[in-house]
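work_26.cif follows (mmCIF, C-alpha atoms):
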data_run
#
loop_
_atom_site.group_PDB
_atom_site.id
_atom_site.type_symbol
_atom_site.label_atom_id
_atom_site.label_comp_id
_atom_site.auth_asym_id
_atom_site.auth_seq_id
_atom_site.Cartn_x
_atom_site.Cartn_y
_atom_site.Cartn_z
ATOM 1 C CA MET A 1 -44.084 20.085 -27.676
ATOM 2 C CA LYS A 2 -46.403 19.679 -24.706
ATOM 3 C CA LEU A 3 -47.798 16.204 -24.160
ATOM 4 C CA SER A 4 -51.385 17.419 -24.518
ATOM 5 C CA MET A 5 -50.529 18.969 -27.885
ATOM 6 C CA ARG A 6 -48.775 15.890 -29.284
ATOM 7 C CA SER A 7 -50.420 14.217 -32.210
ATOM 8 C CA THR A 8 -51.684 10.703 -31.779
ATOM 9 C CA ASP A 9 -50.017 7.967 -33.782
ATOM 10 C CA GLU A 10 -53.096 7.789 -35.965
ATOM 11 C CA VAL A 11 -52.990 11.527 -36.735
ATOM 12 C CA LEU A 12 -49.301 11.227 -37.570
ATOM 13 C CA TYR A 13 -50.094 8.263 -39.804
ATOM 14 C CA ARG A 14 -52.746 10.212 -41.722
ATOM 15 C CA ARG A 15 -50.365 13.156 -42.110
ATOM 16 C CA MET A 16 -47.622 10.771 -43.254
ATOM 17 C CA ARG A 17 -49.939 9.198 -45.855
ATOM 18 C CA ASP A 18 -50.626 12.727 -47.118
ATOM 19 C CA GLY A 19 -46.891 13.233 -47.692
ATOM 20 C CA ASP A 20 -45.813 14.945 -44.448
ATOM 21 C CA ARG A 21 -42.210 13.796 -43.890
ATOM 22 C CA GLU A 22 -42.050 15.393 -40.456
ATOM 23 C CA ALA A 23 -45.001 13.270 -39.359
ATOM 24 C CA PHE A 24 -43.155 10.137 -40.452
ATOM 25 C CA ALA A 25 -40.010 11.267 -38.614
ATOM 26 C CA GLU A 26 -41.993 11.933 -35.437
ATOM 27 C CA LEU A 27 -43.730 8.567 -35.665
ATOM 28 C CA TYR A 28 -40.380 6.831 -36.207
ATOM 29 C CA ASP A 29 -38.819 8.704 -33.280
ATOM 30 C CA ARG A 30 -41.772 7.776 -31.103
ATOM 31 C CA ARG A 31 -41.995 4.047 -31.924
ATOM 32 C CA GLY A 32 -38.742 2.986 -33.616
ATOM 33 C CA ALA A 33 -36.594 2.378 -30.527
ATOM 34 C CA SER A 34 -39.219 0.321 -28.693
ATOM 35 C CA LEU A 35 -39.862 -1.800 -31.795
ATOM 36 C CA TYR A 36 -36.105 -2.381 -32.106
ATOM 37 C CA ARG A 37 -35.812 -3.417 -28.442
ATOM 38 C CA TYR A 38 -38.812 -5.719 -28.814
ATOM 39 C CA ALA A 39 -37.282 -7.361 -31.895
ATOM 40 C CA LEU A 40 -33.899 -7.654 -30.185
ATOM 41 C CA HIS A 41 -35.391 -9.373 -27.153
ATOM 42 C CA MET A 42 -37.455 -11.687 -29.327
ATOM 43 C CA THR A 43 -34.652 -12.673 -31.745
ATOM 44 C CA ASN A 44 -31.472 -12.124 -29.725
ATOM 45 C CA ASN A 45 -29.942 -10.954 -32.999
ATOM 46 C CA VAL A 46 -28.876 -7.328 -33.478
ATOM 47 C CA GLN A 47 -28.939 -7.412 -37.268
ATOM 48 C CA ALA A 48 -32.354 -9.086 -37.346
ATOM 49 C CA ALA A 49 -33.727 -6.569 -34.830
ATOM 50 C CA GLU A 50 -32.500 -3.661 -36.935
ATOM 51 C CA GLU A 51 -33.985 -5.170 -40.085
ATOM 52 C CA ILE A 52 -37.299 -5.969 -38.393
ATOM 53 C CA ALA A 53 -37.682 -2.477 -36.933
ATOM 54 C CA GLN A 54 -36.873 -0.944 -40.302
ATOM 55 C CA GLU A 55 -39.171 -3.303 -42.201
ATOM 56 C CA VAL A 56 -42.100 -2.389 -39.935
ATOM 57 C CA PHE A 57 -41.828 1.214 -41.108
ATOM 58 C CA VAL A 58 -41.238 0.187 -44.734
ATOM 59 C CA GLN A 59 -44.498 -1.739 -44.585
ATOM 60 C CA LEU A 60 -46.228 1.204 -42.937
ATOM 61 C CA MET A 61 -45.175 3.483 -45.794
ATOM 62 C CA GLY A 62 -46.035 0.948 -48.499
ATOM 63 C CA ALA A 63 -48.831 1.560 -50.928
ATOM 64 C CA GLY A 64 -50.594 -1.629 -49.846
ATOM 65 C CA THR A 65 -50.494 -0.885 -46.123
ATOM 66 C CA ARG A 66 -53.229 -2.841 -44.376
ATOM 67 C CA TYR A 67 -53.523 -0.615 -41.317
ATOM 68 C CA ASP A 68 -57.143 0.226 -40.594
ATOM 69 C CA GLU A 69 -57.856 2.745 -37.804
ATOM 70 C CA THR A 70 -61.237 1.198 -37.127
ATOM 71 C CA ARG A 71 -59.603 -2.102 -36.097
ATOM 72 C CA GLY A 72 -57.325 -0.682 -33.412
ATOM 73 C CA PRO A 73 -54.446 1.631 -32.612
ATOM 74 C CA LEU A 74 -51.480 2.055 -34.931
ATOM 75 C CA GLU A 75 -49.033 0.970 -32.232
ATOM 76 C CA ALA A 76 -50.751 -2.436 -32.012
ATOM 77 C CA TRP A 77 -50.498 -2.769 -35.794
ATOM 78 C CA LEU A 78 -46.781 -1.907 -35.680
ATOM 79 C CA TYR A 79 -46.138 -4.541 -33.009
ATOM 80 C CA GLY A 80 -48.218 -7.052 -34.950
ATOM 81 C CA VAL A 81 -46.040 -6.531 -38.016
ATOM 82 C CA ALA A 82 -42.912 -6.849 -35.854
ATOM 83 C CA ARG A 83 -44.297 -10.034 -34.259
ATOM 84 C CA ASN A 84 -44.927 -11.548 -37.705
ATOM 85 C CA LEU A 85 -41.432 -10.606 -38.873
ATOM 86 C CA VAL A 86 -39.948 -12.237 -35.762
ATOM 87 C CA ARG A 87 -41.904 -15.398 -36.588
ATOM 88 C CA VAL A 88 -40.533 -15.351 -40.132
ATOM 89 C CA PHE A 89 -37.006 -14.904 -38.764
ATOM 90 C CA ARG A 90 -37.405 -17.916 -36.464
ATOM 91 C CA ARG A 91 -39.116 -20.072 -39.122
ATOM 92 C CA ARG A 92 -36.250 -19.427 -41.515
ATOM 93 C CA GLY A 93 -33.862 -20.667 -38.874
ATOM 94 C CA GLY A 94 -32.572 -17.234 -37.899
ATOM 95 C CA VAL A 95 -29.486 -17.557 -35.793
ATOM 96 C CA GLU A 96 -29.300 -16.028 -32.368
ATOM 97 C CA GLU A 97 -25.995 -14.353 -31.704
ATOM 98 C CA PRO A 98 -24.209 -12.976 -28.689
ATOM 99 C CA VAL A 99 -25.461 -9.465 -28.146
ATOM 100 C CA ASP A 100 -22.848 -6.802 -27.446
ATOM 101 C CA ARG A 101 -22.641 -5.982 -23.728
ATOM 102 C CA ALA A 102 -23.091 -2.245 -24.401
ATOM 103 C CA ILE A 103 -26.387 -2.903 -26.166
ATOM 104 C CA VAL A 104 -27.644 -5.052 -23.309
ATOM 105 C CA ASP A 105 -26.574 -2.430 -20.747
ATOM 106 C CA ASP A 106 -28.483 0.177 -22.711
ATOM 107 C CA ILE A 107 -31.579 -1.998 -22.802
ATOM 108 C CA VAL A 108 -31.560 -3.293 -19.235
ATOM 109 C CA GLY A 109 -29.882 -0.278 -17.683
ATOM 110 C CA GLY A 110 -26.971 -2.166 -16.112
ATOM 111 C CA LEU A 111 -29.060 -3.004 -13.068
ATOM 112 C CA ILE A 112 -27.923 -6.555 -12.519
ATOM 113 C CA SER A 113 -24.560 -8.318 -12.454
ATOM 114 C CA ASP A 114 -22.898 -9.793 -15.536
ATOM 115 C CA GLU A 115 -23.595 -13.383 -14.495
ATOM 116 C CA SER A 116 -27.190 -12.692 -13.629
ATOM 117 C CA LEU A 117 -27.691 -10.778 -16.849
ATOM 118 C CA VAL A 118 -26.361 -13.608 -18.965
ATOM 119 C CA ALA A 119 -28.502 -16.122 -17.079
ATOM 120 C CA LEU A 120 -31.594 -13.946 -17.457
ATOM 121 C CA ARG A 121 -31.021 -13.417 -21.179
ATOM 122 C CA VAL A 122 -30.532 -17.136 -21.757
ATOM 123 C CA ALA A 123 -33.606 -18.020 -19.685
ATOM 124 C CA VAL A 124 -35.833 -15.449 -21.418
ATOM 125 C CA ASN A 125 -34.604 -16.640 -24.788
ATOM 126 C CA GLU A 126 -35.500 -20.238 -23.924
ATOM 127 C CA LEU A 127 -39.123 -19.330 -23.218
ATOM 128 C CA PRO A 128 -41.752 -20.211 -25.825
ATOM 129 C CA ALA A 129 -42.472 -17.163 -28.006
ATOM 130 C CA ASN A 130 -45.877 -16.345 -26.467
ATOM 131 C CA TYR A 131 -44.369 -16.284 -22.964
ATOM 132 C CA ARG A 132 -41.230 -14.443 -24.067
ATOM 133 C CA GLU A 133 -43.386 -11.778 -25.679
ATOM 134 C CA VAL A 134 -45.279 -10.942 -22.476
ATOM 135 C CA VAL A 135 -42.042 -10.886 -20.458
ATOM 136 C CA VAL A 136 -40.492 -8.544 -23.012
ATOM 137 C CA LEU A 137 -43.495 -6.223 -23.057
ATOM 138 C CA CYS A 138 -44.438 -6.250 -19.361
ATOM 139 C CA ASP A 139 -41.156 -6.795 -17.558
ATOM 140 C CA LEU A 140 -38.514 -5.445 -19.915
ATOM 141 C CA GLU A 141 -40.490 -2.732 -21.714
ATOM 142 C CA GLU A 142 -42.529 -1.971 -18.581
ATOM 143 C CA ARG A 143 -45.893 -2.000 -20.336
ATOM 144 C CA ASN A 144 -48.957 -2.536 -18.187
ATOM 145 C CA TYR A 145 -51.340 -5.447 -18.781
ATOM 146 C CA ASP A 146 -53.799 -3.343 -20.760
ATOM 147 C CA GLU A 147 -51.096 -2.019 -23.081
ATOM 148 C CA ALA A 148 -49.604 -5.477 -23.628
ATOM 149 C CA ALA A 149 -53.046 -6.930 -24.335
ATOM 150 C CA GLU A 150 -53.723 -4.218 -26.886
ATOM 151 C CA LEU A 151 -50.350 -4.704 -28.579
ATOM 152 C CA ILE A 152 -50.672 -8.478 -28.734
ATOM 153 C CA GLY A 153 -54.386 -8.436 -29.501
ATOM 154 C CA CYS A 154 -55.629 -10.689 -26.727
ATOM 155 C CA PRO A 155 -57.583 -10.300 -23.469
ATOM 156 C CA VAL A 156 -55.905 -8.876 -20.361
ATOM 157 C CA GLY A 157 -56.552 -12.172 -18.571
ATOM 158 C CA THR A 158 -54.470 -13.965 -21.174
ATOM 159 C CA ILE A 159 -51.618 -11.540 -20.560
ATOM 160 C CA ARG A 160 -51.846 -12.098 -16.819
ATOM 161 C CA SER A 161 -51.874 -15.879 -17.120
ATOM 162 C CA ARG A 162 -49.061 -15.964 -19.681
ATOM 163 C CA LEU A 163 -46.945 -13.639 -17.565
ATOM 164 C CA HIS A 164 -47.590 -15.706 -14.443
ATOM 165 C CA ARG A 165 -46.629 -18.891 -16.286
ATOM 166 C CA ALA A 166 -43.601 -17.228 -17.910
ATOM 167 C CA ARG A 167 -42.298 -15.984 -14.567
ATOM 168 C CA GLY A 168 -42.665 -19.481 -13.132
ATOM 169 C CA LEU A 169 -40.761 -20.947 -16.067
ATOM 170 C CA LEU A 170 -38.089 -18.256 -15.712
ATOM 171 C CA ALA A 171 -37.671 -19.005 -12.021
ATOM 172 C CA GLY A 172 -37.115 -22.670 -12.818
ATOM 173 C CA LYS A 173 -34.657 -21.879 -15.583
ATOM 174 C CA LEU A 174 -32.722 -19.396 -13.471
ATOM 175 C CA LYS A 175 -32.188 -22.005 -10.740
ATOM 176 C CA ARG A 176 -29.917 -23.827 -13.192
ATOM 177 C CA TYR A 177 -27.660 -20.787 -13.426
ATOM 178 C CA ARG A 178 -27.271 -19.966 -9.744
ATOM 179 C CA PRO A 179 -23.660 -20.460 -8.713
ATOM 180 C CA VAL A 180 -23.035 -22.184 -5.375
ATOM 181 C CA ALA A 181 -21.344 -19.799 -2.926
ATOM 182 C CA ALA A 182 -17.923 -20.890 -1.678
ATOM 183 C CA GLY A 183 -18.079 -22.741 1.632
ATOM 184 C CA GLY A 184 -21.745 -22.109 2.342
ATOM 185 C CA GLY A 185 -23.484 -24.214 -0.254
ATOM 186 C CA HIS A 186 -26.222 -21.549 -0.585
ATOM 187 C CA ASP A 187 -27.372 -20.072 -3.846
ATOM 188 C CA ALA A 188 -25.987 -16.651 -4.538
ATOM 189 C CA ILE A 189 -27.116 -14.241 -7.189
#
Structure rendered as structure tokens:
Amino acid sequence: MKLSMRSTDEVLYRRMRDGDREAFAELYDRRGASLYRYALHMTNNVQAAEEIAQEVFVQLMGAGTRYDETRGPLEAWLYGVARNLVRVFRRRGGVEEPVDRAIVDDIVGGLISDESLVALRVAVNELPANYREVVVLCDLEERNYDEAAELIGCPVGTIRSRLHRARGLLAGKLKRYRPVAAGGGHDAI
């Protein structure tokens, strides 16, 4: 289907609420993978990420769904539900687990070395949740400031300042993981 002819999320939602299964499938295809990646980055737990992504859509289909088009886009609501489920996971003492290398390669695209990837994952995971969230959305999911602000429900300036602070924290954390090159004593990543 041509991009200009694609239904908006909100149109798909209305069609889904009217019983159109294809609309639900299209909405899931459109948003499911990014919600899963978001949950995976935020929890560092494959099983939790799968459950969170699935639960977002279960809540969307539920009779008591609280989504209101007048309050904002459906995508922001979906991410808000995912964010709340991540918080519940962490509050309940959800355990982070080593994520399979193939999953990480799929997410990050295999662009950096094994050592750097591990260091980056550890450093991102150590960030406070509000900083981790902007790094996940802006740097890993490649959302722009406006999109991230809409998904999180805060001003663009807050996104910018959180991202600036998060990148500074990441830089400090990554210094701990830089191996010293043999003979030269210089950092090498």
So, counting only C-alpha atoms, which residue among A:Tyr13, A:Tyr67, A:Tyr145, A:Trp77 is closest to Leu35 of chain A? A:Trp77
Which polymer residues, protein or nucleic acid, are no farther than 10 Å from (-52.9, 6.8, -34.9), counting all atoms listed in the file, as a CSV table (one decimal) with C-alpha atoms, in the coordinates of the input?
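So the final result, stored in result-v1.csv, reads:
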chain,number,residue,atom,x,y,z
A,7,SER,CA,-50.4,14.2,-32.2
A,8,THR,CA,-51.7,10.7,-31.8
A,9,ASP,CA,-50.0,8.0,-33.8
A,10,GLU,CA,-53.1,7.8,-36.0
A,11,VAL,CA,-53.0,11.5,-36.7
A,12,LEU,CA,-49.3,11.2,-37.6
A,13,TYR,CA,-50.1,8.3,-39.8
A,14,ARG,CA,-52.7,10.2,-41.7
A,15,ARG,CA,-50.4,13.2,-42.1
A,27,LEU,CA,-43.7,8.6,-35.7
A,67,TYR,CA,-53.5,-0.6,-41.3
A,68,ASP,CA,-57.1,0.2,-40.6
A,69,GLU,CA,-57.9,2.7,-37.8
A,72,GLY,CA,-57.3,-0.7,-33.4
A,73,PRO,CA,-54.4,1.6,-32.6
A,74,LEU,CA,-51.5,2.1,-34.9
A,75,GLU,CA,-49.0,1.0,-32.2
A,76,ALA,CA,-50.8,-2.4,-32.0
A,77,TRP,CA,-50.5,-2.8,-35.8
Atomic distance atom CA of Ala33 of chain A - atom CA of Ala171 of chain A, expressed in Å with one decimal: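 Between atom CA of Ala33 of chain A and atom CA of Ala171 of chain A the gap is 28.3 Å.
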Which residues are near segment 154-164 of chain A? Cut-off 10 Å, all atoms listed in the file, ignore same chain within fewer than 3 positions. Put them as a list in words.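 Here the answer would be Asn130, Tyr131, Arg132, Glu133, Val134, Val135, Val136, Leu137, Cys138, Asp139, Asn144, Tyr145, Asp146, Glu147, Ala148, Ala149, Glu150, Leu151, Arg167, Gly168, Leu169 and Leu170 of chain A.
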Go through A:Glu50, A:Glu141, A:Arg92, A:His41 one by one, measure the shortest atom-to-atom distance of each to Ala123 of chain A using all atoms listed in the file, and give the residue with the smallest value.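 Closest candidate: A:His41.
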Please, what distance in Å, to one decimal, runs between atom CA of Ser34 of chain A and atom CA of Arg83 of chain A?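 Here the two named atoms are 12.8 Å from each other.
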What separation in Å, quoted to one decimal, exists between atom CA of Gly19 of chain A and atom CA of Leu85 of chain A? 26.0 Å
Selection in question (the file shown): the PyMOL selection byres ((chain A and resi 54) around 12). Which residues does it include, as a ChimeraX atom specification? /A:28,31-36,39,47-53,55-61,78,81-82,85
Around segment 44-55 of chain A, with edges along x, y and z and 4 Å added on all six sides, what centre and edge lengths do you get, in Å to one decimal, as AutoDock Vina command-line options?
--center_x -34.0 --center_y -6.5 --center_z -36.0 --size_x 18.3 --size_y 19.2 --size_z 20.5
May I have the residues at most 6 Å from (-34.1, -19.9, -18.2) in the file's coordinates, counting all atoms listed in the file, as an MDAnalysis selection string? chainID A and resid 122:124 126 170 173:174
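Distance check against Leu140 of chain A using all atoms listed in the file: of A:Arg71, A:Arg21, A:Arg176, A:Arg37, the minimum falls on A:Arg37.
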